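Structure file protein_31.cif; described as mmCIF, C-alpha atoms.
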data_target
#
loop_
_atom_site.label_atom_id
_atom_site.label_comp_id
_atom_site.auth_asym_id
_atom_site.auth_seq_id
_atom_site.Cartn_x
_atom_site.Cartn_y
_atom_site.Cartn_z
CA MET Q 109 26.00 -96.25 -59.41
CA SER Q 110 29.56 -95.10 -59.87
CA ARG Q 111 28.24 -91.90 -61.35
CA PHE Q 112 26.09 -91.38 -58.26
CA SER Q 113 29.01 -92.04 -55.89
CA ASP Q 114 31.14 -89.65 -57.92
CA PHE Q 115 28.40 -87.03 -57.50
CA LEU Q 116 28.34 -87.60 -53.74
CA LYS Q 117 32.12 -87.33 -53.53
CA SER Q 118 32.14 -84.12 -55.44
CA ALA Q 119 29.26 -82.71 -53.37
CA VAL Q 120 30.77 -83.61 -50.01
CA GLY Q 121 34.49 -83.48 -50.55
CA GLY Q 122 34.72 -81.40 -53.65
CA ALA Q 123 33.67 -78.13 -52.09
CA LYS Q 124 36.70 -76.74 -50.36
CA ALA Q 125 36.06 -75.72 -46.77
CA ALA Q 126 36.90 -72.14 -45.89
CA PRO Q 127 40.16 -71.95 -43.94
CA ALA Q 128 39.39 -72.27 -40.22
CA ARG Q 129 39.76 -69.00 -38.37
CA PRO Q 130 42.37 -69.29 -35.64
CA LYS Q 131 40.78 -69.45 -32.22
CA ALA Q 132 40.99 -66.15 -30.40
CA ASP Q 133 43.52 -66.20 -27.59
CA PHE Q 134 42.34 -64.99 -24.20
CA SER Q 135 45.10 -66.62 -22.15
CA ASN Q 136 46.45 -63.42 -20.66
CA VAL Q 137 43.20 -61.56 -20.11
CA GLN Q 138 43.13 -59.51 -16.93
CA ALA Q 139 39.80 -59.28 -15.17
CA GLY Q 140 38.65 -57.98 -11.84
CA SER Q 141 35.95 -56.20 -9.89
CA SER Q 142 35.39 -53.70 -7.12
CA GLN Q 143 32.54 -51.83 -5.47
CA ALA Q 144 31.74 -48.55 -3.78
CA PRO Q 145 28.76 -47.42 -1.72
CA ILE Q 146 26.63 -44.69 -3.26
CA GLU Q 147 27.01 -41.50 -1.27
CA LYS Q 148 23.69 -40.45 0.19
CA GLU Q 149 22.36 -37.02 -0.57
CA GLU Q 150 21.29 -36.62 3.01
CA GLU Q 151 21.83 -38.04 6.45
CA VAL Q 152 19.27 -38.83 9.11
CA TYR Q 153 19.36 -37.22 12.53
CA ALA Q 154 17.31 -38.44 15.50
CA VAL Q 155 16.01 -35.58 17.61
CA VAL Q 156 16.84 -35.78 21.31
CA ALA Q 157 15.33 -33.92 24.25
CA GLY Q 158 16.42 -30.30 24.34
CA ASP Q 159 17.05 -30.06 20.60
CA ASN Q 160 15.77 -27.30 18.40
CA LEU Q 161 16.46 -26.67 14.73
CA SER Q 162 19.03 -23.94 15.39
CA LYS Q 163 20.91 -26.15 17.81
CA ILE Q 164 20.93 -29.04 15.33
CA ALA Q 165 22.04 -26.75 12.49
CA ASN Q 166 24.83 -25.38 14.65
CA ARG Q 167 25.98 -28.86 15.58
CA LEU Q 168 25.84 -30.34 12.08
CA TYR Q 169 26.62 -27.35 9.85
CA GLY Q 170 28.49 -25.18 12.32
CA ASN Q 171 25.97 -22.43 11.67
CA ALA Q 172 22.69 -22.03 13.56
CA ASN Q 173 21.28 -19.90 10.73
CA GLN Q 174 21.18 -23.03 8.55
CA TRP Q 175 18.14 -24.28 10.52
CA LYS Q 176 15.91 -23.36 7.59
CA ARG Q 177 17.60 -25.97 5.38
CA ILE Q 178 16.63 -28.66 7.85
CA PHE Q 179 13.15 -27.22 8.16
CA GLU Q 180 12.65 -27.16 4.37
CA ALA Q 181 13.89 -30.74 4.03
CA ASN Q 182 11.40 -31.91 6.62
CA ARG Q 183 8.31 -29.86 5.83
CA ASP Q 184 6.27 -33.06 5.66
CA GLN Q 185 7.04 -33.71 9.32
CA ILE Q 186 7.65 -30.31 10.88
CA LYS Q 187 4.61 -28.07 10.91
CA ASP Q 188 6.02 -25.54 13.36
CA PRO Q 189 9.81 -24.97 13.26
CA ASP Q 190 9.74 -24.13 16.95
CA LEU Q 191 8.23 -27.48 17.81
CA ILE Q 192 10.18 -30.66 17.19
CA GLN Q 193 9.82 -33.81 19.23
CA PRO Q 194 12.41 -36.22 20.62
CA GLY Q 195 12.51 -39.35 18.51
CA TRP Q 196 11.74 -37.65 15.22
CA LYS Q 197 14.09 -38.63 12.43
CA LEU Q 198 15.04 -35.56 10.45
CA ARG Q 199 16.57 -35.55 7.00
CA ILE Q 200 19.75 -33.50 7.03
CA PRO Q 201 20.79 -32.34 3.54
CA ARG Q 202 24.50 -32.56 2.83
CA PRO Q 203 26.31 -29.25 3.37
CA MET U 467 -44.00 -55.79 43.59
CA THR U 468 -42.02 -58.98 44.06
CA ARG U 469 -41.41 -59.03 40.28
CA SER U 470 -39.94 -55.54 40.37
CA ILE U 471 -37.69 -56.53 43.30
CA ARG U 472 -36.57 -59.59 41.36
CA TRP U 473 -35.65 -57.41 38.37
CA LEU U 474 -33.86 -55.02 40.68
CA VAL U 475 -31.79 -57.84 42.20
CA LEU U 476 -31.06 -59.26 38.77
CA GLY U 477 -29.89 -55.86 37.55
CA LEU U 478 -27.74 -55.46 40.64
CA VAL U 479 -26.11 -58.86 40.07
CA PHE U 480 -25.39 -58.04 36.39
CA SER U 481 -23.86 -54.72 37.26
CA LEU U 482 -21.68 -56.33 39.95
CA VAL U 483 -20.47 -58.98 37.51
CA ALA U 484 -19.75 -56.34 34.91
CA CYS U 485 -17.75 -54.27 37.41
CA GLY U 486 -15.70 -57.30 38.39
CA GLN U 487 -14.55 -57.96 34.83
CA GLU U 488 -11.28 -56.52 33.64
CA THR U 489 -11.82 -53.81 31.16
CA THR U 490 -9.60 -53.79 28.09
CA PRO U 491 -7.05 -51.02 28.41
CA PRO U 492 -7.57 -48.08 26.13
CA PRO U 493 -5.13 -47.79 23.31
CA ALA U 494 -1.93 -46.13 24.35
CA ALA U 495 -2.21 -42.44 23.89
CA THR U 496 -0.17 -41.21 21.06
CA ALA U 497 2.05 -38.45 22.26
CA PRO U 498 1.64 -35.33 20.19
CA GLY U 499 4.28 -35.28 17.55
CA ALA U 500 5.16 -38.94 17.96
CA PRO U 501 7.75 -40.06 15.41
CA PRO U 502 6.29 -41.40 12.17
CA PRO U 503 6.59 -45.15 11.68
CA VAL U 504 9.96 -46.24 10.35
CA SER U 505 9.60 -47.59 6.83
CA ALA U 506 10.72 -51.12 5.99
CA PRO U 507 14.17 -51.46 4.41
CA THR U 508 14.25 -51.29 0.62
CA PRO U 509 14.55 -54.78 -0.90
CA PHE U 510 17.70 -55.52 -2.86
CA GLY U 511 17.53 -54.75 -6.55
CA ILE U 512 19.84 -54.37 -9.52
CA GLY U 513 19.83 -51.57 -12.07
CA SER U 514 20.94 -51.69 -15.68
CA ILE U 515 24.49 -52.53 -16.75
CA GLN U 516 26.50 -49.60 -18.05
CA LEU U 517 29.55 -50.23 -20.26
CA GLY U 518 32.48 -47.88 -20.68
CA SER U 519 36.24 -47.64 -20.93
CA GLN U 520 36.70 -45.46 -17.85
CA ILE U 521 35.14 -45.32 -14.40
CA GLY U 522 35.19 -42.73 -11.64
CA ALA U 523 35.94 -43.17 -7.94
CA ASP U 524 32.25 -43.97 -7.49
CA LYS U 525 32.70 -46.96 -9.87
CA ARG U 526 30.27 -45.53 -12.42
CA VAL U 527 31.34 -45.38 -16.05
CA LEU U 528 32.28 -41.87 -17.14
CA ALA U 529 30.92 -42.26 -20.68
CA ALA U 530 28.67 -45.09 -21.80
CA ALA U 531 29.93 -47.00 -24.86
CA GLU U 532 29.21 -50.16 -26.83
CA SER U 533 32.26 -50.15 -29.09
CA PHE U 534 35.83 -50.35 -27.85
CA ALA U 535 39.41 -50.41 -29.06
CA PRO U 536 41.46 -53.58 -28.49
CA SER U 537 43.67 -51.75 -26.00
CA ASP U 538 40.74 -50.51 -23.89
CA THR U 539 39.90 -51.77 -20.46
CA ILE U 540 36.20 -52.52 -20.64
CA TYR U 541 34.13 -51.81 -17.56
CA ALA U 542 30.64 -53.03 -16.75
CA SER U 543 29.16 -50.96 -13.96
CA ILE U 544 26.03 -52.03 -12.10
CA ALA U 545 24.15 -50.00 -9.50
CA THR U 546 22.41 -51.94 -6.76
CA GLN U 547 19.79 -50.60 -4.41
CA GLY U 548 18.41 -51.64 -1.07
CA GLU U 549 19.83 -53.76 1.66
CA ALA U 550 21.95 -56.78 0.80
CA GLN U 551 22.81 -59.31 3.48
CA ARG U 552 25.11 -61.17 1.13
CA VAL U 553 24.56 -61.10 -2.60
CA VAL U 554 27.17 -62.53 -4.95
CA LEU U 555 27.24 -60.65 -8.23
CA ALA U 556 29.17 -62.45 -10.94
CA ALA U 557 30.15 -61.41 -14.45
CA ARG U 558 30.97 -63.76 -17.28
CA TRP U 559 32.61 -62.20 -20.32
CA SER U 560 32.35 -64.22 -23.51
CA TYR U 561 33.47 -63.92 -27.11
CA GLU U 562 31.37 -64.32 -30.23
CA ASP U 563 32.46 -67.95 -30.66
CA GLY U 564 31.14 -68.80 -27.19
CA GLN U 565 34.58 -68.86 -25.61
CA THR U 566 34.69 -67.61 -22.02
CA VAL U 567 37.00 -64.63 -21.88
CA ALA U 568 36.96 -64.12 -18.12
CA GLU U 569 34.82 -64.55 -15.03
CA SER U 570 34.84 -62.63 -11.78
CA SER U 571 32.55 -62.07 -8.83
CA GLU U 572 31.94 -59.54 -6.11
CA THR U 573 30.09 -60.08 -2.84
CA VAL U 574 27.78 -57.23 -1.90
CA ALA U 575 26.85 -56.88 1.76
CA SER U 576 25.60 -53.38 2.17
CA ALA U 577 22.92 -51.49 4.05
CA GLY U 578 22.40 -49.14 1.13
CA PRO U 579 22.88 -48.62 -2.58
CA THR U 580 26.20 -49.69 -4.07
CA VAL U 581 27.90 -49.58 -7.45
CA VAL U 582 29.79 -52.69 -8.54
CA GLU U 583 32.18 -52.69 -11.48
CA PHE U 584 33.62 -55.61 -13.42
CA HIS U 585 36.41 -55.08 -15.89
CA VAL U 586 38.37 -56.95 -18.48
CA ALA U 587 41.50 -56.08 -20.48
CA LYS U 588 44.24 -57.78 -22.44
CA PRO U 589 47.78 -56.37 -22.49
CA ASP U 590 48.35 -57.29 -26.13
CA GLY U 591 44.87 -56.22 -27.18
CA LEU U 592 41.47 -57.88 -27.15
CA PRO U 593 40.68 -59.70 -30.39
CA ALA U 594 38.25 -57.84 -32.63
CA GLY U 595 34.71 -59.15 -32.63
CA ARG U 596 31.45 -59.25 -30.73
CA TYR U 597 31.43 -59.88 -27.00
CA ARG U 598 28.86 -60.10 -24.26
CA VAL U 599 28.86 -59.85 -20.50
CA ASP U 600 26.31 -61.79 -18.49
CA VAL U 601 25.72 -60.72 -14.91
CA THR U 602 24.13 -62.94 -12.29
CA ALA U 603 23.03 -62.28 -8.72
CA ASN U 604 23.32 -65.34 -6.49
CA GLY U 605 23.33 -67.42 -9.66
CA ALA U 606 20.16 -65.90 -11.14
CA PRO U 607 20.43 -63.88 -14.38
CA ALA U 608 20.53 -60.15 -13.60
CA GLY U 609 21.34 -58.67 -16.98
CA THR U 610 23.29 -58.98 -20.22
CA ARG U 611 25.06 -56.44 -22.42
CA GLU U 612 26.69 -56.91 -25.78
CA PHE U 613 29.55 -54.86 -27.17
CA GLU U 614 32.09 -54.81 -29.94
CA VAL U 615 35.85 -54.56 -30.12
CA ARG U 616 37.27 -53.23 -33.38
#
Could you spell out this file's structure in structure tokens?
Amino acid sequence: MSRFSDFLKSAVGGAKAAPARPKADFSNVQAGSSQAPIEKEEEVYAVVAGDNLSKIANRLYGNANQWKRIFEANRDQIKDPDLIQPGWKLRIPRP
Amino acid sequence: MTRSIRWLVLGLVFSLVACGQETTPPPAATAPGAPPPVSAPTPFGIGSIQLGSQIGADKRVLAAAESFAPSDTIYASIATQGEAQRVVLAARWSYEDGQTVAESSETVASAGPTVVEFHVAKPDGLPAGRYRVDVTANGAPAGTREFEVR
């Protein structure tokens, strides 16, 4: 009996525990956050009565000759560059 | 003869009743070149978490990393897409022993894609070891990344 209890003592208490690692200190951690909108690659322009691609290009790019950029960006919608309709929403690539 | 007159009268009555009924209007004519239908707004979504020690003005990390020096500021950058009425993104930074290092949150209310960054630093250096950052969106898990400080 005493031999058994000695065995238990040696098994439980005999093995020396590894020295406890000091707890990491995070008391002065600095944390924060912020956000920013993602810049769009293009803007949307709603065609109004009297518009044509050259006029829009002149207004938005300052150069009427840039109408082709708008035309190319909207080939799915514009079949004839001389014919755009009020209410259409055109993609305007960034300058 | 009388039978044919009866049929004639009956036909006349039917045609009168039919003329009296309102006819359903024809569908509105679509003007040539009418604008295409406006697509529904993109639902809110969250991309992957990028870790790094530096971010740009657009809040994206300049170089992705998973291992940092104790003196580094560690950034977790998350791109969101779609329209957000009010989504609270929160980051919980924790150490390998389960200790919470820091927590912060950012409310996103945007009509378009946004990049949100969370950062953590310690003036006297972050203890070496394994860390993780758990990101939630309105309390629901949105992503986790692990990294090391050495």
Interface list for chain Q, partner chain U, 12 Å threshold, only C-alpha atoms, as a ChimeraX atom specification: /Q:129-149,152,154-156,184-188,191-198
Report as a list in words the full result of the PyMOL selection byres ((chain U and resi 605) around 10) when it is applied to this structure. Val553, Val554, Leu555, Ala556, Val601, Thr602, Ala603, Asn604, Ala606, Pro607 and Ala608 of chain U
Name every residue that the PyMOL selection byres ((chain Q and resi 202) around 10) selects in this structure, writing the answer as a PDB file with C-alpha atoms, in the coordinates of the input with chains first and numbers rising.
ATOM      1  CA  LYS Q 148      23.690 -40.450   0.190  1.00  0.00           C
ATOM      2  CA  GLU Q 149      22.360 -37.020  -0.570  1.00  0.00           C
ATOM      3  CA  GLU Q 150      21.290 -36.620   3.010  1.00  0.00           C
ATOM      4  CA  GLU Q 151      21.830 -38.040   6.450  1.00  0.00           C
ATOM      5  CA  LEU Q 168      25.840 -30.340  12.080  1.00  0.00           C
ATOM      6  CA  TYR Q 169      26.620 -27.350   9.850  1.00  0.00           C
ATOM      7  CA  ARG Q 177      17.600 -25.970   5.380  1.00  0.00           C
ATOM      8  CA  ARG Q 199      16.570 -35.550   7.000  1.00  0.00           C
ATOM      9  CA  ILE Q 200      19.750 -33.500   7.030  1.00  0.00           C
ATOM     10  CA  PRO Q 201      20.790 -32.340   3.540  1.00  0.00           C
ATOM     11  CA  PRO Q 203      26.310 -29.250   3.370  1.00  0.00           C
TER      12      PRO Q 203
END
Could you give me, as a CSV table (one decimal) with C-alpha atoms, in the coordinates of the input, the residues that sit within 8 Å of (29.7, -62.0, -23.7) in the file's coordinates, counting all atoms listed in the file?
chain,number,residue,atom,x,y,z
U,558,ARG,CA,31.0,-63.8,-17.3
U,559,TRP,CA,32.6,-62.2,-20.3
U,560,SER,CA,32.4,-64.2,-23.5
U,561,TYR,CA,33.5,-63.9,-27.1
U,562,GLU,CA,31.4,-64.3,-30.2
U,564,GLY,CA,31.1,-68.8,-27.2
U,566,THR,CA,34.7,-67.6,-22.0
U,567,VAL,CA,37.0,-64.6,-21.9
U,596,ARG,CA,31.4,-59.2,-30.7
U,597,TYR,CA,31.4,-59.9,-27.0
U,598,ARG,CA,28.9,-60.1,-24.3
U,599,VAL,CA,28.9,-59.8,-20.5
U,600,ASP,CA,26.3,-61.8,-18.5
U,610,THR,CA,23.3,-59.0,-20.2
U,611,ARG,CA,25.1,-56.4,-22.4
U,612,GLU,CA,26.7,-56.9,-25.8
U,613,PHE,CA,29.6,-54.9,-27.2
Would you work out the distance separating CA of Lys163 in chain Q from CA of Arg183 in chain Q, expressed in Å to one decimal? 17.8 Å
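The two atoms in question, CA of Ala529 in chain U and CA of Gln516 in chain U, are spaced 9.0 Å apart.
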Pairwise distance for CA of Val527 in chain U and CA of Gly511 in chain U, rounded to one decimal in Å: 19.2 Å
Restore N, CA and C atoms in range 182-202 of chain Q and list the result as a PDB file, in the frame of the given file.
ATOM      1  N   ASN Q 182      12.282 -31.077   5.800  1.00  0.00           N
ATOM      2  CA  ASN Q 182      11.400 -31.910   6.620  1.00  0.00           C
ATOM      3  C   ASN Q 182      10.015 -31.295   6.768  1.00  0.00           C
ATOM      4  N   ARG Q 183       9.601 -30.541   5.759  1.00  0.00           N
ATOM      5  CA  ARG Q 183       8.310 -29.860   5.830  1.00  0.00           C
ATOM      6  C   ARG Q 183       7.147 -30.827   5.997  1.00  0.00           C
ATOM      7  N   ASP Q 184       7.339 -32.070   5.529  1.00  0.00           N
ATOM      8  CA  ASP Q 184       6.270 -33.060   5.660  1.00  0.00           C
ATOM      9  C   ASP Q 184       6.062 -33.456   7.127  1.00  0.00           C
ATOM     10  N   GLN Q 185       7.095 -33.270   7.933  1.00  0.00           N
ATOM     11  CA  GLN Q 185       7.040 -33.710   9.320  1.00  0.00           C
ATOM     12  C   GLN Q 185       6.933 -32.530  10.287  1.00  0.00           C
ATOM     13  N   ILE Q 186       7.633 -31.464   9.978  1.00  0.00           N
ATOM     14  CA  ILE Q 186       7.650 -30.310  10.880  1.00  0.00           C
ATOM     15  C   ILE Q 186       6.611 -29.286  10.416  1.00  0.00           C
ATOM     16  N   LYS Q 187       5.624 -29.074  11.246  1.00  0.00           N
ATOM     17  CA  LYS Q 187       4.610 -28.070  10.910  1.00  0.00           C
ATOM     18  C   LYS Q 187       5.006 -26.711  11.488  1.00  0.00           C
ATOM     19  N   ASP Q 188       5.595 -26.763  12.682  1.00  0.00           N
ATOM     20  CA  ASP Q 188       6.020 -25.540  13.360  1.00  0.00           C
ATOM     21  C   ASP Q 188       7.517 -25.671  13.648  1.00  0.00           C
ATOM     22  N   PRO Q 189       8.354 -24.821  13.058  1.00  0.00           N
ATOM     23  CA  PRO Q 189       9.810 -24.970  13.260  1.00  0.00           C
ATOM     24  C   PRO Q 189      10.259 -24.819  14.709  1.00  0.00           C
ATOM     25  N   ASP Q 190       9.386 -24.276  15.522  1.00  0.00           N
ATOM     26  CA  ASP Q 190       9.740 -24.130  16.950  1.00  0.00           C
ATOM     27  C   ASP Q 190       9.321 -25.356  17.754  1.00  0.00           C
ATOM     28  N   LEU Q 191       8.738 -26.324  17.078  1.00  0.00           N
ATOM     29  CA  LEU Q 191       8.230 -27.480  17.810  1.00  0.00           C
ATOM     30  C   LEU Q 191       8.681 -28.772  17.130  1.00  0.00           C
ATOM     31  N   ILE Q 192       9.757 -29.337  17.656  1.00  0.00           N
ATOM     32  CA  ILE Q 192      10.180 -30.660  17.190  1.00  0.00           C
ATOM     33  C   ILE Q 192      10.201 -31.591  18.395  1.00  0.00           C
ATOM     34  N   GLN Q 193       9.985 -32.865  18.135  1.00  0.00           N
ATOM     35  CA  GLN Q 193       9.820 -33.810  19.230  1.00  0.00           C
ATOM     36  C   GLN Q 193      10.960 -34.824  19.281  1.00  0.00           C
ATOM     37  N   PRO Q 194      11.386 -35.173  20.503  1.00  0.00           N
ATOM     38  CA  PRO Q 194      12.410 -36.220  20.620  1.00  0.00           C
ATOM     39  C   PRO Q 194      11.946 -37.496  19.917  1.00  0.00           C
ATOM     40  N   GLY Q 195      12.848 -38.116  19.222  1.00  0.00           N
ATOM     41  CA  GLY Q 195      12.510 -39.350  18.510  1.00  0.00           C
ATOM     42  C   GLY Q 195      12.251 -39.134  17.031  1.00  0.00           C
ATOM     43  N   TRP Q 196      11.944 -37.908  16.647  1.00  0.00           N
ATOM     44  CA  TRP Q 196      11.740 -37.650  15.220  1.00  0.00           C
ATOM     45  C   TRP Q 196      13.039 -37.892  14.475  1.00  0.00           C
ATOM     46  N   LYS Q 197      12.905 -38.416  13.280  1.00  0.00           N
ATOM     47  CA  LYS Q 197      14.090 -38.630  12.430  1.00  0.00           C
ATOM     48  C   LYS Q 197      14.054 -37.552  11.340  1.00  0.00           C
ATOM     49  N   LEU Q 198      15.014 -36.676  11.395  1.00  0.00           N
ATOM     50  CA  LEU Q 198      15.040 -35.560  10.450  1.00  0.00           C
ATOM     51  C   LEU Q 198      16.045 -35.833   9.334  1.00  0.00           C
ATOM     52  N   ARG Q 199      15.646 -35.466   8.136  1.00  0.00           N
ATOM     53  CA  ARG Q 199      16.570 -35.550   7.000  1.00  0.00           C
ATOM     54  C   ARG Q 199      17.490 -34.329   7.058  1.00  0.00           C
ATOM     55  N   ILE Q 200      18.775 -34.589   6.981  1.00  0.00           N
ATOM     56  CA  ILE Q 200      19.750 -33.500   7.030  1.00  0.00           C
ATOM     57  C   ILE Q 200      20.453 -33.433   5.674  1.00  0.00           C
ATOM     58  N   PRO Q 201      20.123 -32.442   4.856  1.00  0.00           N
ATOM     59  CA  PRO Q 201      20.790 -32.340   3.540  1.00  0.00           C
ATOM     60  C   PRO Q 201      22.295 -32.149   3.725  1.00  0.00           C
ATOM     61  N   ARG Q 202      23.029 -32.711   2.762  1.00  0.00           N
ATOM     62  CA  ARG Q 202      24.500 -32.560   2.830  1.00  0.00           C
ATOM     63  C   ARG Q 202      24.869 -31.073   2.707  1.00  0.00           C
TER      64      ARG Q 202
END
